[in-house]
file coords.txt (compact mmCIF, C-alpha atoms)
# COMPACT_ATOMS: atom_id res chain seq x y z
CA MET A 219 -54.61 -3.55 28.94
CA ARG A 220 -51.62 -1.38 28.11
CA ASN A 221 -49.25 -0.46 30.91
CA ASP A 222 -48.17 2.71 29.06
CA ILE A 223 -51.74 4.03 29.09
CA ILE A 224 -52.23 2.94 32.71
CA ASP A 225 -49.05 4.80 33.75
CA ALA A 226 -50.08 7.92 31.83
CA LEU A 227 -53.56 7.91 33.41
CA LYS A 228 -52.04 7.59 36.88
CA GLN A 229 -49.87 10.61 36.07
CA ILE A 230 -52.92 12.83 35.55
CA LYS A 231 -54.80 11.30 38.52
CA VAL A 232 -57.82 10.43 36.37
CA PRO A 233 -60.79 10.77 38.76
CA ASN A 234 -63.28 8.51 36.99
CA LEU A 235 -63.88 6.47 33.84
CA ARG A 236 -67.21 6.11 32.02
CA TRP A 237 -68.10 2.82 30.29
CA PRO A 238 -69.42 1.10 28.14
CA GLY A 239 -70.69 4.17 26.23
CA GLY A 240 -71.93 6.33 24.56
CA CYS A 241 -74.46 5.03 22.09
CA PHE A 242 -73.02 1.54 22.56
CA THR A 243 -74.52 1.57 26.08
CA ASP A 244 -78.07 1.00 24.93
CA GLU A 245 -77.33 -2.16 23.01
CA TYR A 246 -74.78 -3.57 25.45
CA HIS A 247 -75.93 -6.63 27.39
CA TRP A 248 -73.59 -7.06 30.31
CA MET A 249 -73.91 -10.84 30.62
CA ASP A 250 -72.26 -11.16 27.20
CA GLY A 251 -69.09 -9.71 28.78
CA ILE A 252 -68.55 -12.05 31.75
CA GLY A 253 -67.20 -15.58 32.12
CA PRO A 254 -64.36 -17.22 30.14
CA ARG A 255 -63.36 -14.89 27.31
CA ASN A 256 -63.30 -17.63 24.70
CA GLU A 257 -66.94 -18.44 25.50
CA ARG A 258 -68.32 -14.92 25.32
CA PRO A 259 -70.72 -14.26 22.43
CA LYS A 260 -69.69 -11.88 19.68
CA MET A 261 -71.84 -9.05 18.38
CA ILE A 262 -71.77 -6.37 15.69
CA ASN A 263 -71.08 -2.82 16.83
CA THR A 264 -73.75 -1.19 14.68
CA HIS A 265 -72.99 2.34 15.88
CA TRP A 266 -69.24 2.50 15.33
CA GLY A 267 -67.74 0.91 12.26
CA GLY A 268 -69.88 -2.23 11.97
CA VAL A 269 -67.02 -4.30 13.36
CA VAL A 270 -67.23 -7.42 15.51
CA GLU A 271 -67.22 -6.74 19.26
CA ASP A 272 -65.92 -9.89 20.92
CA ASN A 273 -66.83 -8.80 24.49
CA SER A 274 -63.35 -9.66 25.76
CA PHE A 275 -63.41 -6.39 27.72
CA GLY A 276 -66.35 -6.62 30.09
CA THR A 277 -67.41 -5.89 33.65
CA HIS A 278 -64.47 -7.61 35.38
CA GLU A 279 -61.89 -6.09 33.07
CA PHE A 280 -63.31 -2.57 33.40
CA LEU A 281 -63.73 -2.59 37.17
CA ASP A 282 -60.32 -4.22 37.68
CA LEU A 283 -58.81 -1.46 35.51
CA CYS A 284 -60.46 1.17 37.69
CA GLU A 285 -59.00 -0.49 40.79
CA VAL A 286 -55.52 -0.50 39.24
CA LEU A 287 -55.88 3.20 38.40
CA GLY A 288 -57.38 4.09 41.77
CA THR A 289 -60.27 5.76 39.96
CA GLU A 290 -64.05 5.73 40.32
CA PRO A 291 -66.00 3.66 37.78
CA TYR A 292 -68.96 5.33 36.09
CA ILE A 293 -71.18 2.61 34.62
CA CYS A 294 -73.84 3.36 32.01
CA GLY A 295 -76.78 0.95 32.01
CA ASN A 296 -78.79 -0.17 29.00
CA MET A 297 -82.26 1.34 29.02
CA GLY A 298 -82.75 1.53 25.24
CA SER A 299 -82.79 -2.21 24.48
CA GLY A 300 -82.37 -3.67 27.97
CA THR A 301 -84.83 -4.49 30.71
CA VAL A 302 -85.33 -3.35 34.27
CA GLU A 303 -84.38 -6.84 35.42
CA GLU A 304 -81.15 -6.83 33.40
CA MET A 305 -80.05 -3.49 34.86
CA SER A 306 -81.01 -4.51 38.39
CA LYS A 307 -79.12 -7.78 38.17
CA TRP A 308 -75.99 -6.02 36.88
CA ILE A 309 -75.88 -3.83 39.96
CA GLU A 310 -76.45 -6.87 42.17
CA TYR A 311 -73.65 -8.72 40.34
CA MET A 312 -71.19 -5.87 40.87
CA THR A 313 -72.03 -4.69 44.39
CA PHE A 314 -73.82 -7.37 46.47
CA ASP A 315 -71.76 -9.21 49.09
CA GLY A 316 -74.37 -11.70 50.28
CA GLU A 317 -75.88 -14.92 49.03
CA SER A 318 -77.72 -14.45 45.73
CA PRO A 319 -77.68 -15.85 42.20
CA MET A 320 -75.83 -12.82 40.80
CA ALA A 321 -73.32 -12.57 43.65
CA ASN A 322 -72.61 -16.28 43.34
CA LEU A 323 -72.17 -15.92 39.58
CA ARG A 324 -69.61 -13.18 40.20
CA ARG A 325 -67.74 -15.45 42.59
CA LYS A 326 -67.86 -18.27 40.04
CA ASN A 327 -66.24 -15.87 37.55
CA GLY A 328 -63.33 -15.19 39.90
CA ARG A 329 -64.29 -12.16 41.99
CA GLU A 330 -65.10 -13.00 45.61
CA LYS A 331 -65.72 -9.51 47.02
CA PRO A 332 -67.97 -6.96 45.31
CA TRP A 333 -66.64 -3.80 43.76
CA LYS A 334 -67.50 -0.29 44.86
CA VAL A 335 -69.58 1.37 42.15
CA GLN A 336 -70.88 4.86 42.93
CA TYR A 337 -71.80 6.44 39.61
CA PHE A 338 -74.48 4.79 37.50
CA GLY A 339 -76.07 6.28 34.40
CA VAL A 340 -79.55 5.08 33.52
CA GLY A 341 -79.29 5.02 29.72
CA ASN A 342 -77.47 7.36 27.35
CA GLU A 343 -78.77 9.96 24.90
CA ASN A 344 -82.24 8.51 25.12
CA TRP A 345 -83.49 11.47 23.09
CA GLY A 346 -81.49 9.96 20.19
CA CYS A 347 -79.51 6.74 19.81
CA GLY A 348 -80.81 5.48 23.16
CA GLY A 349 -84.42 5.15 21.98
CA HIS A 350 -85.58 8.43 20.38
CA MET A 351 -87.76 9.08 23.42
CA THR A 352 -89.62 12.21 24.38
CA PRO A 353 -88.50 13.72 27.70
CA GLU A 354 -91.77 12.66 29.35
CA MET A 355 -91.34 9.11 28.08
CA TYR A 356 -87.74 8.92 29.31
CA ALA A 357 -88.62 10.39 32.71
CA GLN A 358 -91.31 7.74 33.25
CA TYR A 359 -88.98 4.91 32.23
CA TYR A 360 -86.22 6.39 34.36
CA ARG A 361 -88.41 6.36 37.47
CA GLN A 362 -89.06 2.65 36.93
CA TYR A 363 -85.48 1.65 36.10
CA ALA A 364 -83.89 3.79 38.83
CA THR A 365 -86.18 2.29 41.47
CA TYR A 366 -84.53 -1.09 40.90
CA CYS A 367 -80.98 0.32 40.89
CA ARG A 368 -80.61 -0.65 44.52
CA ASN A 369 -78.01 -0.02 47.20
CA TYR A 370 -76.38 -3.17 48.55
CA GLY A 371 -74.41 -3.19 51.80
CA ASP A 372 -72.53 0.08 52.18
CA ASN A 373 -72.43 0.73 48.41
CA ARG A 374 -74.40 3.88 47.57
CA LEU A 375 -75.35 4.43 43.95
CA MET A 376 -75.35 7.95 42.59
CA ARG A 377 -77.88 7.61 39.77
CA ILE A 378 -77.47 9.88 36.78
CA ALA A 379 -80.38 10.67 34.48
CA GLY A 380 -79.78 11.08 30.76
CA GLY A 381 -80.00 14.81 30.24
CA PRO A 382 -80.43 17.14 27.28
CA ASN A 383 -78.79 17.31 23.92
CA ILE A 384 -76.92 20.64 24.00
CA ASP A 385 -79.53 23.42 24.36
CA ASP A 386 -82.69 21.36 24.71
CA TYR A 387 -83.84 23.29 27.77
CA ARG A 388 -87.27 21.70 27.76
CA TRP A 389 -85.65 18.29 28.28
CA MET A 390 -83.89 19.61 31.39
CA GLU A 391 -87.15 21.11 32.65
CA VAL A 392 -88.87 17.72 32.44
CA MET A 393 -85.96 15.89 34.09
CA MET A 394 -86.06 18.24 37.05
CA LYS A 395 -89.87 18.38 37.29
CA ASP A 396 -90.84 14.75 36.65
CA ILE A 397 -88.01 12.79 38.32
CA PRO A 398 -87.93 12.98 42.14
CA THR A 399 -84.68 14.32 43.57
CA ASN A 400 -84.20 11.21 45.71
CA LEU A 401 -84.05 9.10 42.52
CA LYS A 402 -81.29 11.12 40.84
CA TRP A 403 -77.85 12.30 41.93
CA GLY A 404 -77.24 14.06 38.64
CA VAL A 405 -78.47 14.93 35.17
CA SER A 406 -76.11 14.64 32.20
CA LEU A 407 -75.34 17.11 29.40
CA HIS A 408 -73.58 16.49 26.06
CA HIS A 409 -71.93 19.15 23.90
CA TYR A 410 -69.23 18.93 21.20
CA SER A 411 -67.16 21.64 19.50
CA TYR A 412 -66.35 21.85 15.79
CA PRO A 413 -66.18 24.43 12.99
CA ASN A 414 -68.72 24.88 10.20
CA SER A 415 -71.63 22.49 10.80
CA TRP A 416 -72.49 19.04 12.14
CA ASN A 417 -72.39 17.63 8.59
CA ASN A 418 -69.16 19.44 7.68
CA LYS A 419 -67.02 19.50 10.80
CA GLY A 420 -63.74 20.47 9.15
CA ASP A 421 -60.32 18.91 9.40
CA ALA A 422 -58.46 18.19 12.65
CA VAL A 423 -55.13 19.48 11.30
CA ARG A 424 -55.79 21.50 8.14
CA PHE A 425 -57.88 24.46 9.27
CA ASP A 426 -57.84 28.23 8.83
CA GLU A 427 -58.37 31.00 11.38
CA TYR A 428 -62.11 31.06 10.83
CA ASP A 429 -62.30 27.31 11.54
CA TYR A 430 -60.24 27.92 14.66
CA ILE A 431 -62.33 30.73 16.12
CA GLN A 432 -65.59 28.90 15.33
CA THR A 433 -64.33 25.87 17.27
CA ILE A 434 -63.23 27.90 20.30
CA ASP A 435 -66.45 29.93 20.18
CA ARG A 436 -68.43 26.70 20.28
CA ALA A 437 -66.32 25.50 23.22
CA TRP A 438 -67.08 28.76 25.04
CA PHE A 439 -70.78 28.18 24.36
CA MET A 440 -70.49 25.71 27.24
CA ASP A 441 -70.71 28.74 29.57
CA GLU A 442 -74.11 29.76 28.19
CA LEU A 443 -75.34 26.17 28.20
CA ILE A 444 -74.43 25.60 31.84
CA THR A 445 -75.88 28.97 32.86
CA LYS A 446 -79.26 28.29 31.26
CA HIS A 447 -79.46 24.66 32.36
CA THR A 448 -78.50 25.52 35.93
CA ASN A 449 -81.11 28.28 36.01
CA ILE A 450 -83.70 25.57 35.33
CA MET A 451 -82.13 23.26 37.90
CA ASP A 452 -82.08 26.06 40.50
CA LYS A 453 -85.83 26.53 40.09
CA TYR A 454 -86.50 22.95 41.20
CA ASP A 455 -83.39 22.39 43.32
CA PRO A 456 -82.24 25.65 44.95
CA ALA A 457 -80.08 23.69 47.41
CA LYS A 458 -78.02 22.36 44.48
CA ARG A 459 -78.33 18.74 45.54
CA VAL A 460 -78.55 17.52 41.93
CA ALA A 461 -75.31 17.57 39.94
CA LEU A 462 -74.94 18.67 36.35
CA VAL A 463 -72.79 15.93 34.78
CA VAL A 464 -71.20 17.00 31.49
CA ASP A 465 -70.26 13.44 30.63
CA GLU A 466 -69.54 13.98 26.93
CA TRP A 467 -67.59 17.00 25.72
CA GLY A 468 -64.69 17.67 23.37
CA SER A 469 -63.86 18.46 19.76
CA TRP A 470 -65.28 16.49 16.86
CA TYR A 471 -63.82 16.83 13.36
CA GLN A 472 -63.94 14.77 10.19
CA VAL A 473 -62.05 11.49 10.48
CA GLU A 474 -58.48 11.25 9.25
CA PRO A 475 -58.31 10.34 5.53
CA GLY A 476 -58.06 6.60 4.91
CA THR A 477 -59.46 5.55 8.29
CA ASN A 478 -62.75 3.79 9.03
CA PRO A 479 -65.40 6.54 9.28
CA GLY A 480 -67.04 4.68 12.15
CA PHE A 481 -63.89 4.78 14.27
CA LEU A 482 -63.85 8.61 14.52
CA TYR A 483 -60.04 8.70 14.51
CA GLN A 484 -58.67 12.24 14.43
CA GLN A 485 -55.45 14.08 15.21
CA ASN A 486 -55.12 16.57 18.04
CA THR A 487 -53.43 19.99 17.70
CA LEU A 488 -52.70 23.00 19.87
CA ARG A 489 -56.24 24.15 19.00
CA ASP A 490 -57.57 21.23 21.04
CA ALA A 491 -55.32 22.06 24.00
CA ILE A 492 -56.73 25.60 23.99
CA LEU A 493 -60.26 24.19 23.72
CA ALA A 494 -59.60 21.94 26.73
CA GLY A 495 -58.27 24.82 28.84
CA VAL A 496 -61.25 27.06 28.02
CA THR A 497 -63.66 24.23 28.82
CA PHE A 498 -61.97 23.41 32.13
CA ASN A 499 -62.19 27.05 33.18
CA VAL A 500 -65.91 27.08 32.42
CA PHE A 501 -66.42 23.92 34.49
CA HIS A 502 -64.48 25.45 37.39
CA LYS A 503 -66.67 28.56 37.28
CA TYR A 504 -69.76 26.43 37.92
CA ALA A 505 -68.20 23.99 40.38
CA GLU A 506 -71.23 24.21 42.71
CA ARG A 507 -73.36 22.51 40.05
CA VAL A 508 -70.92 20.78 37.66
CA LYS A 509 -69.71 17.96 39.89
CA MET A 510 -68.47 15.66 37.13
CA ALA A 511 -67.32 16.11 33.55
CA ASN A 512 -65.92 13.57 31.11
CA ILE A 513 -64.10 14.21 27.88
CA ALA A 514 -65.81 11.88 25.46
CA GLN A 515 -62.95 9.59 24.45
CA LEU A 516 -59.66 8.35 25.81
CA VAL A 517 -57.74 6.55 23.06
CA ASN A 518 -57.73 7.03 19.26
CA VAL A 519 -61.22 8.57 19.02
CA LEU A 520 -62.26 12.24 18.77
CA GLN A 521 -60.33 14.52 21.17
CA ALA A 522 -58.36 11.61 22.60
CA LEU A 523 -55.68 11.87 25.25
CA PHE A 524 -53.67 9.11 23.57
CA LEU A 525 -53.04 7.89 20.05
CA THR A 526 -51.59 4.42 19.49
CA ARG A 527 -50.08 2.57 16.57
CA GLY A 528 -49.15 -1.00 17.38
CA GLU A 529 -46.99 -0.81 20.47
CA GLU A 530 -46.28 2.90 19.98
CA ILE A 531 -48.08 5.61 21.93
CA ILE A 532 -48.17 9.40 21.82
CA LEU A 533 -49.59 11.86 24.33
CA THR A 534 -51.74 14.47 22.64
CA PRO A 535 -51.71 18.22 23.43
CA THR A 536 -55.03 17.66 25.23
CA TYR A 537 -53.34 15.15 27.55
CA HIS A 538 -50.79 17.76 28.58
CA VAL A 539 -53.55 20.21 29.55
CA PHE A 540 -55.14 17.48 31.69
CA ASP A 541 -51.72 17.00 33.30
CA MET A 542 -51.41 20.74 33.90
CA TYR A 543 -54.89 21.13 35.41
CA LYS A 544 -54.67 18.19 37.82
CA VAL A 545 -53.49 20.67 40.50
CA HIS A 546 -57.11 21.88 40.71
CA GLN A 547 -58.40 18.46 41.76
CA GLU A 548 -59.75 18.36 45.33
CA ALA A 549 -59.03 22.10 45.63
CA THR A 550 -61.37 24.97 46.53
CA LEU A 551 -62.60 27.33 43.82
CA LEU A 552 -61.42 30.91 44.30
CA PRO A 553 -63.59 33.78 43.04
CA LEU A 554 -62.01 35.57 40.13
CA GLU A 555 -62.82 38.74 38.22
CA LEU A 556 -61.34 39.14 34.77
CA GLU A 557 -61.07 42.15 32.49
CA CYS A 558 -59.39 41.64 29.13
CA GLY A 559 -59.37 42.65 25.51
CA LYS A 560 -61.14 40.94 22.64
CA TYR A 561 -60.02 38.55 19.93
CA THR A 562 -62.01 39.06 16.73
CA HIS A 563 -61.99 37.31 13.40
CA ASN A 564 -64.63 37.52 10.71
CA HIS A 565 -67.90 38.12 12.60
CA ILE A 566 -66.92 36.29 15.83
CA THR A 567 -65.58 38.11 18.90
CA LEU A 568 -64.21 36.31 21.97
CA ASP A 569 -62.58 37.38 25.20
CA GLN A 570 -58.83 37.09 24.70
CA VAL A 571 -58.34 35.33 28.02
CA SER A 572 -60.08 32.58 29.96
CA ALA A 573 -59.07 31.98 33.58
CA SER A 574 -59.78 30.10 36.79
CA ALA A 575 -58.13 29.75 40.19
CA SER A 576 -58.18 27.39 43.16
CA LYS A 577 -56.51 26.79 46.51
CA ASP A 578 -55.41 23.32 47.58
CA SER A 579 -55.29 21.79 51.05
CA ASN A 580 -51.66 22.89 51.49
CA GLY A 581 -52.54 26.53 50.88
CA THR A 582 -51.03 26.67 47.39
CA VAL A 583 -52.97 28.85 44.96
CA HIS A 584 -53.12 27.75 41.32
CA VAL A 585 -54.07 30.21 38.58
CA SER A 586 -54.80 28.85 35.10
CA LEU A 587 -54.98 31.15 32.07
CA VAL A 588 -55.71 30.58 28.39
CA ASN A 589 -54.87 33.11 25.67
CA VAL A 590 -57.10 32.18 22.72
CA ASP A 591 -55.69 34.96 20.50
CA LEU A 592 -53.65 33.44 17.67
CA LYS A 593 -51.46 36.51 17.12
CA ASN A 594 -51.16 38.69 20.22
CA ASP A 595 -49.50 38.19 23.59
CA VAL A 596 -51.39 39.57 26.60
CA GLU A 597 -49.93 41.45 29.56
CA ILE A 598 -51.62 40.17 32.72
CA THR A 599 -51.78 41.92 36.09
CA CYS A 600 -53.49 39.91 38.81
CA GLN A 601 -54.16 41.32 42.28
CA LEU A 602 -54.31 38.53 44.84
CA ARG A 603 -56.49 39.28 47.84
CA GLY A 604 -57.01 37.39 51.07
CA ASP A 605 -53.68 35.52 51.13
CA ASN A 606 -50.15 36.68 51.78
CA LEU A 607 -48.45 34.79 48.97
CA LYS A 608 -44.67 35.02 48.90
CA ASN A 609 -43.38 33.26 45.81
CA ILE A 610 -44.06 31.41 42.59
CA ALA A 611 -43.76 27.71 43.38
CA GLY A 612 -43.87 26.66 39.73
CA ALA A 613 -45.41 27.46 36.37
CA LYS A 614 -46.17 25.37 33.28
CA ILE A 615 -47.14 26.19 29.70
CA VAL A 616 -48.56 24.40 26.66
CA THR A 617 -47.97 26.32 23.43
CA SER A 618 -46.30 26.33 20.01
CA ASN A 619 -45.41 28.82 17.30
CA ASP A 620 -48.09 27.27 15.09
CA VAL A 621 -51.63 26.43 16.22
CA HIS A 622 -51.62 23.49 13.78
CA THR A 623 -48.80 21.75 15.67
CA TYR A 624 -49.53 18.18 16.75
CA ASN A 625 -47.64 15.18 18.09
CA SER A 626 -47.01 12.38 15.61
CA PHE A 627 -45.44 8.97 15.96
CA GLU A 628 -42.42 10.35 14.11
CA SER A 629 -42.29 13.50 16.31
CA PRO A 630 -44.10 12.71 19.56
CA ASP A 631 -42.84 15.73 21.53
CA ASN A 632 -43.77 18.66 19.32
CA ILE A 633 -46.09 19.82 22.10
CA THR A 634 -45.33 18.97 25.72
CA LEU A 635 -45.77 20.49 29.15
CA LYS A 636 -42.90 22.96 29.66
CA ASP A 637 -41.71 25.31 32.39
CA PHE A 638 -42.95 28.90 32.13
CA SER A 639 -40.64 31.60 33.49
CA ASN A 640 -42.25 34.85 32.35
CA ALA A 641 -44.16 35.60 35.56
CA ARG A 642 -43.40 37.73 38.64
CA LEU A 643 -44.98 38.01 42.09
CA LYS A 644 -44.46 41.11 44.26
CA ASN A 645 -46.63 42.54 47.05
CA ASN A 646 -49.41 40.08 46.21
CA VAL A 647 -49.52 41.25 42.60
CA LEU A 648 -48.88 38.63 39.91
CA THR A 649 -47.68 39.93 36.55
CA LEU A 650 -46.97 37.87 33.47
CA LYS A 651 -46.86 37.99 29.72
CA LEU A 652 -49.24 35.36 28.38
CA PRO A 653 -48.08 34.24 24.93
CA ALA A 654 -50.49 34.02 22.03
CA LYS A 655 -52.32 30.66 21.70
CA SER A 656 -51.15 29.26 25.04
CA VAL A 657 -52.36 27.59 28.22
CA VAL A 658 -50.52 28.45 31.45
CA THR A 659 -50.87 27.41 35.10
CA ILE A 660 -48.97 29.20 37.86
CA SER A 661 -48.63 27.91 41.43
CA LEU A 662 -48.24 30.45 44.26
CA ARG A 663 -47.36 30.01 47.92

call {"tool": "encode", "arguments": {"input": "coords.txt", "output": "structure tokens"}}
result
Amino acid sequence: MRNDIIDALKQIKVPNLRWPGGCFTDEYHWMDGIGPRNERPKMINTHWGGVVEDNSFGTHEFLDLCEVLGTEPYICGNMGSGTVEEMSKWIEYMTFDGESPMANLRRKNGREKPWKVQYFGVGNENWGCGGHMTPEMYAQYYRQYATYCRNYGDNRLMRIAGGPNIDDYRWMEVMMKDIPTNLKWGVSLHHYSYPNSWNNKGDAVRFDEYDYIQTIDRAWFMDELITKHTNIMDKYDPAKRVALVVDEWGSWYQVEPGTNPGFLYQQNTLRDAILAGVTFNVFHKYAERVKMANIAQLVNVLQALFLTRGEEIILTPTYHVFDMYKVHQEATLLPLELECGKYTHNHITLDQVSASASKDSNGTVHVSLVNVDLKNDVEITCQLRGDNLKNIAGAKIVTSNDVHTYNSFESPDNITLKDFSNARLKNNVLTLKLPAKSVVTISLR
């Protein structure tokens, strides 16, 4: 495990990590990843690249990493090719503190005390790679599997049902109708952003304005998705006890030329930073229902936060937006009304600006703004009501003169988090000039 990645994750206060997948979840057998590493069986990763998976990173390694990071583990269990017994025993292995075969096996493998594991996904994308099930079929299996995902001691599992693929609203209807609320803490949702089509996703670095606006438009589609899915959830759960868990989101382009197509390696430009800011603001808007969200990949895959080459590492533009938005963690959503102009290209029209705001436990208000317009700055006037805010405590920006800008191993700091000085606060009115293609967060006290 790389200390540079550990340090960078601590910097952004990563709240949770999801593992082992993804599609890999439903052919992962957890007992292959415990015990002495040189004795663990090898397998072929049939989903991603057809390479040998040696299982050297397993349950102990993942949960120890989460402890080092101070983050919550989010385990995904194998429903597609696994059994109820296998899933049940994994939870016992991880969380039981008494005398039992699985707890004793954990102790034999070097871990005396159990781990705390809250979040547990019962399968992944079971409408597709996780078994090509119908929603009714999955719901029935889920009820059986989730019953044996037991609580041991003071560990309380928050079970997450595999939810719909993008706009499959019927799947959500069945999840809410056929699975009792006491068996599920949340229902997942997956949605990716790209230009053109699923079979022609475009290039991560070489794209034109139409590619750009298609990608951002698809990111903004998250708002419609959450609205329609939560309307269904509200019908069955008006008290909002069940979380919507958007546990795979991000951009997805064609792989970089010369790389293994199964590894999904792609670069990361200012476009992806803007996409991240827009997506975060959507999640904030629906904070009552969206209680967890996970960008799909961390290192070297899709919209990754890090790219590595040997011992080298670079932080992507997306990472810097995560760093900027960490001020909203554990804060309270503030209601926000936004009026702005439009950004139009070809036949697509978007709001120029996306925004969200929160107030932390110290009383500091954080306002985040994204200007998606590639060409035009935007003059912003923001009336702040309900607080007597005196000054700007700090402001940060992620931007570049060119939306194609990315960080490379030769030039790792082309895009970084920088101070933003073009904002003023007077008589509870915030004014600023928001540069074209930028993400900004301002802190007010």

call {"tool": "residues_around", "arguments": {"input": "coords.txt", "residues": "segment 543-545 of chain A", "least_positions_apart": "4", "cutoff": "12 Å", "atoms": "all atoms listed in the file", "output": "PyMOL selection string"}}
result
chain A and resi 227-233+491+494-499+501-502+536-539+549-551+573-588+612-616+635+657-662

call {"tool": "closest_residue", "arguments": {"input": "coords.txt", "among": "A:His350, A:Lys655, A:Arg424, A:Lys608", "to": "Gln485 of chain A", "atoms": "only C-alpha atoms"}}
result
A:Arg424

call {"tool": "residues_around", "arguments": {"input": "coords.txt", "residues": "Ile598 of chain A", "least_positions_apart": "6", "cutoff": "7 Å", "atoms": "all atoms listed in the file", "output": "PyMOL selection string"}}
result
chain A and resi 649-652

call {"tool": "residues_around", "arguments": {"input": "coords.txt", "residues": "Leu401 of chain A", "least_positions_apart": "6", "cutoff": "10 Å", "atoms": "only C-alpha atoms", "output": "PDB file with C-alpha atoms, in the frame of the given file"}}
result
ATOM      1  CA  TYR A 360     -86.220   6.390  34.360  1.00  0.00           C
ATOM      2  CA  ARG A 361     -88.410   6.360  37.470  1.00  0.00           C
ATOM      3  CA  GLN A 362     -89.060   2.650  36.930  1.00  0.00           C
ATOM      4  CA  TYR A 363     -85.480   1.650  36.100  1.00  0.00           C
ATOM      5  CA  ALA A 364     -83.890   3.790  38.830  1.00  0.00           C
ATOM      6  CA  THR A 365     -86.180   2.290  41.470  1.00  0.00           C
ATOM      7  CA  CYS A 367     -80.980   0.320  40.890  1.00  0.00           C
ATOM      8  CA  LEU A 375     -75.350   4.430  43.950  1.00  0.00           C
ATOM      9  CA  MET A 376     -75.350   7.950  42.590  1.00  0.00           C
ATOM     10  CA  ARG A 377     -77.880   7.610  39.770  1.00  0.00           C
ATOM     11  CA  ILE A 378     -77.470   9.880  36.780  1.00  0.00           C
ATOM     12  CA  ALA A 379     -80.380  10.670  34.480  1.00  0.00           C
TER      13      ALA A 379
END

call {"tool": "closest_residue", "arguments": {"input": "coords.txt", "among": "A:Gln358, A:Thr399, A:Thr289, A:Thr477", "to": "Asp455 of chain A", "atoms": "only C-alpha atoms"}}
result
A:Thr399

call {"tool": "residues_around", "arguments": {"input": "coords.txt", "residues": "Gly380 of chain A", "least_positions_apart": "5", "cutoff": "7 Å", "atoms": "all atoms listed in the file", "output": "PyMOL selection string"}}
result
chain A and resi 340-344+405-406

call {"tool": "atom_distance", "arguments": {"input": "coords.txt", "atom1": "atom CA of Arg368 of chain A", "atom2": "atom CA of Gly240 of chain A"}}
result
22.9 Å

call {"tool": "atom_distance", "arguments": {"input": "coords.txt", "atom1": "atom CA of Asp426 of chain A", "atom2": "atom CA of Thr534 of chain A"}}
result
20.4 Å

call {"tool": "residues_around", "arguments": {"input": "coords.txt", "residues": "Leu568 of chain A", "least_positions_apart": "5", "cutoff": "9 Å", "atoms": "only C-alpha atoms", "output": "PDB file with C-alpha atoms, in the coordinates of the input"}}
result
ATOM      1  CA  ILE A 431     -62.330  30.730  16.120  1.00  0.00           C
ATOM      2  CA  ILE A 434     -63.230  27.900  20.300  1.00  0.00           C
ATOM      3  CA  ASP A 435     -66.450  29.930  20.180  1.00  0.00           C
ATOM      4  CA  TRP A 438     -67.080  28.760  25.040  1.00  0.00           C
ATOM      5  CA  GLY A 559     -59.370  42.650  25.510  1.00  0.00           C
ATOM      6  CA  LYS A 560     -61.140  40.940  22.640  1.00  0.00           C
ATOM      7  CA  TYR A 561     -60.020  38.550  19.930  1.00  0.00           C
ATOM      8  CA  THR A 562     -62.010  39.060  16.730  1.00  0.00           C
ATOM      9  CA  HIS A 563     -61.990  37.310  13.400  1.00  0.00           C
ATOM     10  CA  VAL A 590     -57.100  32.180  22.720  1.00  0.00           C
ATOM     11  CA  ASP A 591     -55.690  34.960  20.500  1.00  0.00           C
TER      12      ASP A 591
END

call {"tool": "atom_distance", "arguments": {"input": "coords.txt", "atom1": "atom CA of Met305 of chain A", "atom2": "atom CA of Phe338 of chain A"}}
result
10.3 Å

call {"tool": "closest_atom_pairs", "arguments": {"input": "coords.txt", "of": "segment 347-421 of chain A", "to": "segment 510-533 of chain A", "cutoff": "12 Å", "atoms": "only C-alpha atoms", "output": "tab-separated table"}}
result
residue	atom	partner	partner_atom	distance
A:Met376	CA	A:Met510	CA	11.7
A:Ile378	CA	A:Met510	CA	10.7
A:Trp403	CA	A:Met510	CA	11.1
A:Gly404	CA	A:Met510	CA	9.0
A:Val405	CA	A:Met510	CA	10.2
A:Ser406	CA	A:Ala511	CA	9.0
A:Leu407	CA	A:Ala511	CA	9.1
A:His408	CA	A:Ala514	CA	9.1
A:His409	CA	A:Ala514	CA	9.6
A:Tyr410	CA	A:Ala514	CA	8.9
A:Ser411	CA	A:Gln521	CA	10.0
A:Tyr412	CA	A:Leu520	CA	10.9
A:Lys419	CA	A:Leu520	CA	11.8
A:Asp421	CA	A:Leu520	CA	11.7

call {"tool": "write_last_selection", "arguments": {"input": "coords.txt", "atoms": "C-alpha atoms", "output": "PDB file, keeping the file's coordinate frame"}}
result
ATOM      1  CA  MET A 376     -75.350   7.950  42.590  1.00  0.00           C
ATOM      2  CA  ILE A 378     -77.470   9.880  36.780  1.00  0.00           C
ATOM      3  CA  TRP A 403     -77.850  12.300  41.930  1.00  0.00           C
ATOM      4  CA  GLY A 404     -77.240  14.060  38.640  1.00  0.00           C
ATOM      5  CA  VAL A 405     -78.470  14.930  35.170  1.00  0.00           C
ATOM      6  CA  SER A 406     -76.110  14.640  32.200  1.00  0.00           C
ATOM      7  CA  LEU A 407     -75.340  17.110  29.400  1.00  0.00           C
ATOM      8  CA  HIS A 408     -73.580  16.490  26.060  1.00  0.00           C
ATOM      9  CA  HIS A 409     -71.930  19.150  23.900  1.00  0.00           C
ATOM     10  CA  TYR A 410     -69.230  18.930  21.200  1.00  0.00           C
ATOM     11  CA  SER A 411     -67.160  21.640  19.500  1.00  0.00           C
ATOM     12  CA  TYR A 412     -66.350  21.850  15.790  1.00  0.00           C
ATOM     13  CA  LYS A 419     -67.020  19.500  10.800  1.00  0.00           C
ATOM     14  CA  ASP A 421     -60.320  18.910   9.400  1.00  0.00           C
TER      15      ASP A 421
END
